[in-house]
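Asks: One structure, pasted below without further comment.
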Amino acid sequence: MKILVNVFHPNIEASSVNATWVEVLRKYRDVTLNLQYTNYPNWQFDVVREQRLLSEHELIVFQFPFLWYSMPPLMKKWVDDILTYEWAYGIGGEALKGKSVVLAISTGCSGQSYQAGGENNYSMSEFLKPIQQTVELTQMNYLPPFVFYSALEASQRDIDQSAEDYLAHIVKL
């Protein structure tokens with residue numbers, strides 16, 4: 001299965017978690033890495049290229065840090081610019097139908113903080129509903145996300161293990 005990993009980290013060099021994940025994914029031949037902030041520093045997407053990459057892969061992964069209870073700003077712009085009407089959804093918009101999507105998320109807070117009564121009041125699943133709905137609107141399959149909690153406190157050993165777990169998560173799908 002061909003896997004496209006769209007990485008949306010605004011400063012990947014400063015993120016030991018996301019940088020480690022990318023390095024592990026680079027070693028897997030069926031993974032195409034697409035580093036969005038690196039490829040588009042001016043935030044002007046090559047829509048044809050991005051849509052072609054989506055068309056060529058069966059599994060699409062969105063890797064990003066969980067910022068302000070949502071996706072990074074460039075990822076939101078990507079959704080707006082790339083998932084166009086009549087291509088990804090709407091009348092005749094079936095280009096992505098049947099493909100699968102996985103979110104790979106790093107967050108600084110613990111998993112316990114993402115529950116009713118926790119620091120963030122809601123579960124991660126609740127926070128991800130708008131993204132899940134976008135996936136469903138485009139007729140793709142929303143698969144269980146890979147979430148790495150407490151990234152700010154993680155040891156390098158924990159980060160290395162998370163990278164292996166992340167790869168296993170997407171490859172087994």
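Residues in the structure tokens are named by chain (A, B, ... in the order shown) and by number from 1 within that chain; ligands are numbered from 1 in the order shown.
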Applying 8 Å and only C-alpha atoms, which residues near segment 142-147 of chain A remain after dropping the ones on its own chain fewer than 5 positions away? List them as a PyMOL selection string.
Replies: chain A and resi 100-107+132+135-136+166+169
Asks: As a ChimeraX atom specification, please: every residue in segment 22-171 of chain A that DSSP puts in alpha helix (DSSP H).
Replies: /A:22-26,36-39,47-56,73-82,124-127,129-137,156-171
Asks: Which residues come within 12 Å of Leu167 of chain A, counting only C-alpha atoms, excluding same-chain residues fewer than 3 positions away, as a list in words?
Replies: Ile3, Val5, Thr20, Trp21, Val22, Glu23, Val24, Leu25, Arg26, Lys27, Tyr28, Arg29, Asp30, Val31, Val61, Gln63, Val102, Ala104, Phe146, Asp160, Gln161, Ser162, Ala163, Glu164, Ile170, Val171, Lys172 and Leu173 of chain A
Asks: Pick the closest to Phe148 of chain A from A:Phe64, A:Glu94, A:Met1, A:Trp78: which is it, counting only C-alpha atoms?
Replies: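 Smallest separation from Phe148 of chain A among the options: A:Phe64.
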Asks: Give me the residues of segment 69-116 of chain A that have any atom at most 12 Å from an atom of segment 37-52 of chain A; for each, the nearest atom pair and the distance in Å, rounded to one decimal. Use only C-alpha atoms, sort by chain and number, and format it as JSON lines.
Replies:
```
{"residue": "A:Pro72", "atom": "CA", "partner": "A:Tyr37", "partner_atom": "CA", "distance": 10.3}
{"residue": "A:Pro73", "atom": "CA", "partner": "A:Trp43", "partner_atom": "CA", "distance": 10.0}
{"residue": "A:Leu74", "atom": "CA", "partner": "A:Trp43", "partner_atom": "CA", "distance": 7.0}
{"residue": "A:Met75", "atom": "CA", "partner": "A:Tyr37", "partner_atom": "CA", "distance": 9.2}
{"residue": "A:Lys76", "atom": "CA", "partner": "A:Trp43", "partner_atom": "CA", "distance": 11.1}
{"residue": "A:Lys77", "atom": "CA", "partner": "A:Trp43", "partner_atom": "CA", "distance": 8.2}
{"residue": "A:Trp78", "atom": "CA", "partner": "A:Phe45", "partner_atom": "CA", "distance": 7.4}
{"residue": "A:Val79", "atom": "CA", "partner": "A:Glu50", "partner_atom": "CA", "distance": 10.7}
{"residue": "A:Asp80", "atom": "CA", "partner": "A:Phe45", "partner_atom": "CA", "distance": 10.7}
{"residue": "A:Asp81", "atom": "CA", "partner": "A:Val47", "partner_atom": "CA", "distance": 7.1}
{"residue": "A:Ile82", "atom": "CA", "partner": "A:Val47", "partner_atom": "CA", "distance": 5.7}
{"residue": "A:Leu83", "atom": "CA", "partner": "A:Gln51", "partner_atom": "CA", "distance": 8.0}
{"residue": "A:Thr84", "atom": "CA", "partner": "A:Gln51", "partner_atom": "CA", "distance": 9.4}
{"residue": "A:Trp87", "atom": "CA", "partner": "A:Gln51", "partner_atom": "CA", "distance": 8.9}
{"residue": "A:Ala88", "atom": "CA", "partner": "A:Gln51", "partner_atom": "CA", "distance": 9.1}
{"residue": "A:Ala95", "atom": "CA", "partner": "A:Gln51", "partner_atom": "CA", "distance": 8.8}
{"residue": "A:Leu96", "atom": "CA", "partner": "A:Gln51", "partner_atom": "CA", "distance": 9.4}
```
Asks: For the residues in that selection, give me all heavy atoms as a short mmCIF file (atom, residue, chain, number, x, y, z; two decimals), in the first residue's frame.
Replies:
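What landed in part07.cif:
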```
data_model
loop_
_atom_site.label_atom_id
_atom_site.label_comp_id
_atom_site.auth_asym_id
_atom_site.auth_seq_id
_atom_site.Cartn_x
_atom_site.Cartn_y
_atom_site.Cartn_z
N PRO A 72 -2.56 22.95 12.62
CA PRO A 72 -1.75 24.15 12.36
C PRO A 72 -2.36 24.98 11.22
O PRO A 72 -3.09 24.43 10.37
CB PRO A 72 -0.39 23.60 11.96
CG PRO A 72 -0.34 22.22 12.52
CD PRO A 72 -1.76 21.72 12.46
N PRO A 73 -2.08 26.26 11.18
CA PRO A 73 -2.71 27.13 10.18
C PRO A 73 -2.42 26.75 8.73
O PRO A 73 -3.31 26.87 7.88
CB PRO A 73 -2.17 28.52 10.50
CG PRO A 73 -1.02 28.34 11.41
CD PRO A 73 -1.20 27.02 12.08
N LEU A 74 -1.23 26.28 8.41
CA LEU A 74 -0.95 25.89 7.03
C LEU A 74 -1.78 24.66 6.63
O LEU A 74 -2.19 24.54 5.48
CB LEU A 74 0.55 25.63 6.81
CG LEU A 74 0.96 25.37 5.37
CD1 LEU A 74 0.71 26.59 4.48
CD2 LEU A 74 2.44 24.97 5.30
N MET A 75 -2.05 23.79 7.57
CA MET A 75 -2.87 22.63 7.28
C MET A 75 -4.30 23.07 6.96
O MET A 75 -4.93 22.53 6.04
CB MET A 75 -2.85 21.65 8.44
CG MET A 75 -3.57 20.36 8.17
SD MET A 75 -3.30 19.19 9.53
CE MET A 75 -4.57 17.99 9.19
N LYS A 76 -4.82 24.02 7.69
CA LYS A 76 -6.16 24.53 7.40
C LYS A 76 -6.20 25.15 6.01
O LYS A 76 -7.13 24.92 5.24
CB LYS A 76 -6.58 25.56 8.46
CG LYS A 76 -7.89 26.26 8.16
CD LYS A 76 -9.07 25.31 8.07
CE LYS A 76 -10.39 26.04 8.00
NZ LYS A 76 -10.98 26.10 6.69
N LYS A 77 -5.17 25.91 5.65
CA LYS A 77 -5.11 26.50 4.31
C LYS A 77 -5.01 25.40 3.26
O LYS A 77 -5.63 25.49 2.19
CB LYS A 77 -3.93 27.47 4.20
CG LYS A 77 -3.88 28.19 2.85
CD LYS A 77 -2.79 29.22 2.82
CE LYS A 77 -2.72 30.06 1.58
NZ LYS A 77 -3.20 29.54 0.34
N TRP A 78 -4.25 24.35 3.54
CA TRP A 78 -4.13 23.23 2.61
C TRP A 78 -5.50 22.61 2.36
O TRP A 78 -5.88 22.34 1.22
CB TRP A 78 -3.16 22.19 3.19
CG TRP A 78 -2.86 21.03 2.31
CD1 TRP A 78 -1.80 20.89 1.46
CD2 TRP A 78 -3.62 19.82 2.19
NE1 TRP A 78 -1.87 19.67 0.82
CE2 TRP A 78 -2.98 19.00 1.26
CE3 TRP A 78 -4.79 19.36 2.80
CZ2 TRP A 78 -3.45 17.74 0.91
CZ3 TRP A 78 -5.28 18.10 2.45
CH2 TRP A 78 -4.60 17.32 1.51
N VAL A 79 -6.26 22.37 3.43
CA VAL A 79 -7.60 21.81 3.28
C VAL A 79 -8.44 22.71 2.38
O VAL A 79 -9.11 22.24 1.45
CB VAL A 79 -8.27 21.62 4.66
CG1 VAL A 79 -9.76 21.31 4.52
CG2 VAL A 79 -7.58 20.52 5.46
N ASP A 80 -8.41 24.01 2.64
CA ASP A 80 -9.19 24.96 1.84
C ASP A 80 -8.76 24.99 0.38
O ASP A 80 -9.59 25.07 -0.52
CB ASP A 80 -9.07 26.37 2.42
CG ASP A 80 -9.74 26.51 3.78
OD1 ASP A 80 -10.57 25.65 4.15
OD2 ASP A 80 -9.42 27.49 4.48
N ASP A 81 -7.46 24.96 0.12
CA ASP A 81 -6.93 25.10 -1.24
C ASP A 81 -6.92 23.81 -2.05
O ASP A 81 -7.09 23.84 -3.27
CB ASP A 81 -5.50 25.65 -1.20
CG ASP A 81 -5.41 27.09 -0.74
OD1 ASP A 81 -6.45 27.71 -0.44
OD2 ASP A 81 -4.28 27.60 -0.67
N ILE A 82 -6.70 22.68 -1.40
CA ILE A 82 -6.48 21.42 -2.12
C ILE A 82 -7.76 20.60 -2.26
O ILE A 82 -8.02 20.01 -3.30
CB ILE A 82 -5.38 20.57 -1.44
CG1 ILE A 82 -4.08 21.39 -1.26
CG2 ILE A 82 -5.14 19.28 -2.22
CD1 ILE A 82 -3.54 22.03 -2.52
N LEU A 83 -8.56 20.55 -1.23
CA LEU A 83 -9.78 19.75 -1.26
C LEU A 83 -10.91 20.55 -1.89
O LEU A 83 -11.84 20.99 -1.23
CB LEU A 83 -10.15 19.27 0.16
CG LEU A 83 -9.07 18.46 0.88
CD1 LEU A 83 -9.57 18.03 2.25
CD2 LEU A 83 -8.61 17.27 0.04
N THR A 84 -10.80 20.72 -3.18
CA THR A 84 -11.70 21.62 -3.91
C THR A 84 -13.03 20.97 -4.26
O THR A 84 -13.14 19.76 -4.44
CB THR A 84 -11.02 22.13 -5.20
OG1 THR A 84 -10.64 21.01 -6.00
CG2 THR A 84 -9.80 22.97 -4.88
N TRP A 87 -13.85 18.31 -7.08
CA TRP A 87 -12.71 17.39 -7.14
C TRP A 87 -12.76 16.45 -5.92
O TRP A 87 -12.79 15.24 -6.08
CB TRP A 87 -11.37 18.13 -7.18
CG TRP A 87 -10.21 17.19 -7.36
CD1 TRP A 87 -9.81 16.61 -8.53
CD2 TRP A 87 -9.36 16.67 -6.34
NE1 TRP A 87 -8.75 15.75 -8.30
CE2 TRP A 87 -8.45 15.77 -6.96
CE3 TRP A 87 -9.26 16.85 -4.97
CZ2 TRP A 87 -7.47 15.08 -6.25
CZ3 TRP A 87 -8.29 16.17 -4.25
CH2 TRP A 87 -7.40 15.29 -4.90
N ALA A 88 -12.80 17.03 -4.73
CA ALA A 88 -12.79 16.22 -3.51
C ALA A 88 -14.19 16.01 -2.93
O ALA A 88 -14.41 15.07 -2.17
CB ALA A 88 -11.90 16.88 -2.46
N ALA A 95 -12.73 12.24 -6.28
CA ALA A 95 -11.32 11.88 -6.51
C ALA A 95 -10.70 11.12 -5.35
O ALA A 95 -9.76 10.35 -5.56
CB ALA A 95 -10.51 13.15 -6.79
N LEU A 96 -11.22 11.31 -4.15
CA LEU A 96 -10.63 10.68 -2.97
C LEU A 96 -11.47 9.54 -2.41
O LEU A 96 -11.10 8.92 -1.41
CB LEU A 96 -10.39 11.75 -1.89
CG LEU A 96 -9.51 12.92 -2.33
CD1 LEU A 96 -9.47 13.99 -1.26
CD2 LEU A 96 -8.12 12.44 -2.69
#
```
Asks: Which residues are close to Leu4 of chain A, i.e. within 9 Å by only C-alpha atoms, leaving aside same-chain residues fewer than 3 positions away? Reply as a list of chain:residue names.
Replies: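 Listing them by chain and then by number gives A:Asp30, A:Val31, A:Thr32, A:Leu33, A:Asn34, A:Leu53, A:Leu54, A:Glu56, A:His57, A:Glu58, A:Leu59, A:Ile60, A:Val61, A:Phe62.
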Asks: What is the distance, in Å and to one decimal place, between atom CA of Met71 of chain A and atom CA of Gln112 of chain A?
Replies: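 So the two atoms, atom CA of Met71 of chain A and atom CA of Gln112 of chain A, lie 20.2 Å apart.
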Asks: To test your reading of the structure, identify every residue in chain A that backbone DSSP assigns to strand (DSSP E), and report it as a ChimeraX atom specification.
Replies: /A:3-7,31-35,59-65,100-106,141-142,146-148
Asks: Near Gln115 of chain A, counting only C-alpha atoms, which residues have an atom at most 12 Å away, once you skip same-chain residues fewer than 4 positions from it, shown as a ChimeraX atom specification?
Replies: /A:109-111,119-127
Asks: Using only C-alpha atoms, which of the listed residues (A:Gly98, A:Gly118, A:Ser113, A:Thr138) sits closest to Glu86 of chain A?
Replies: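 Selected residue with least distance to Glu86 of chain A: A:Thr138.
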Asks: Can you tell me how far atom CA of Phe66 of chain A sits from atom CA of Lys99 of chain A, in Å to one decimal?
Replies: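 Rounded to one decimal, the two atoms are 23.4 Å apart.
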Asks: In Å, rounded to a single decimal, give me how far atom CA of Asn6 of chain A is from atom CA of Gln139 of chain A.
Replies: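 These atoms are spaced 18.6 Å apart.
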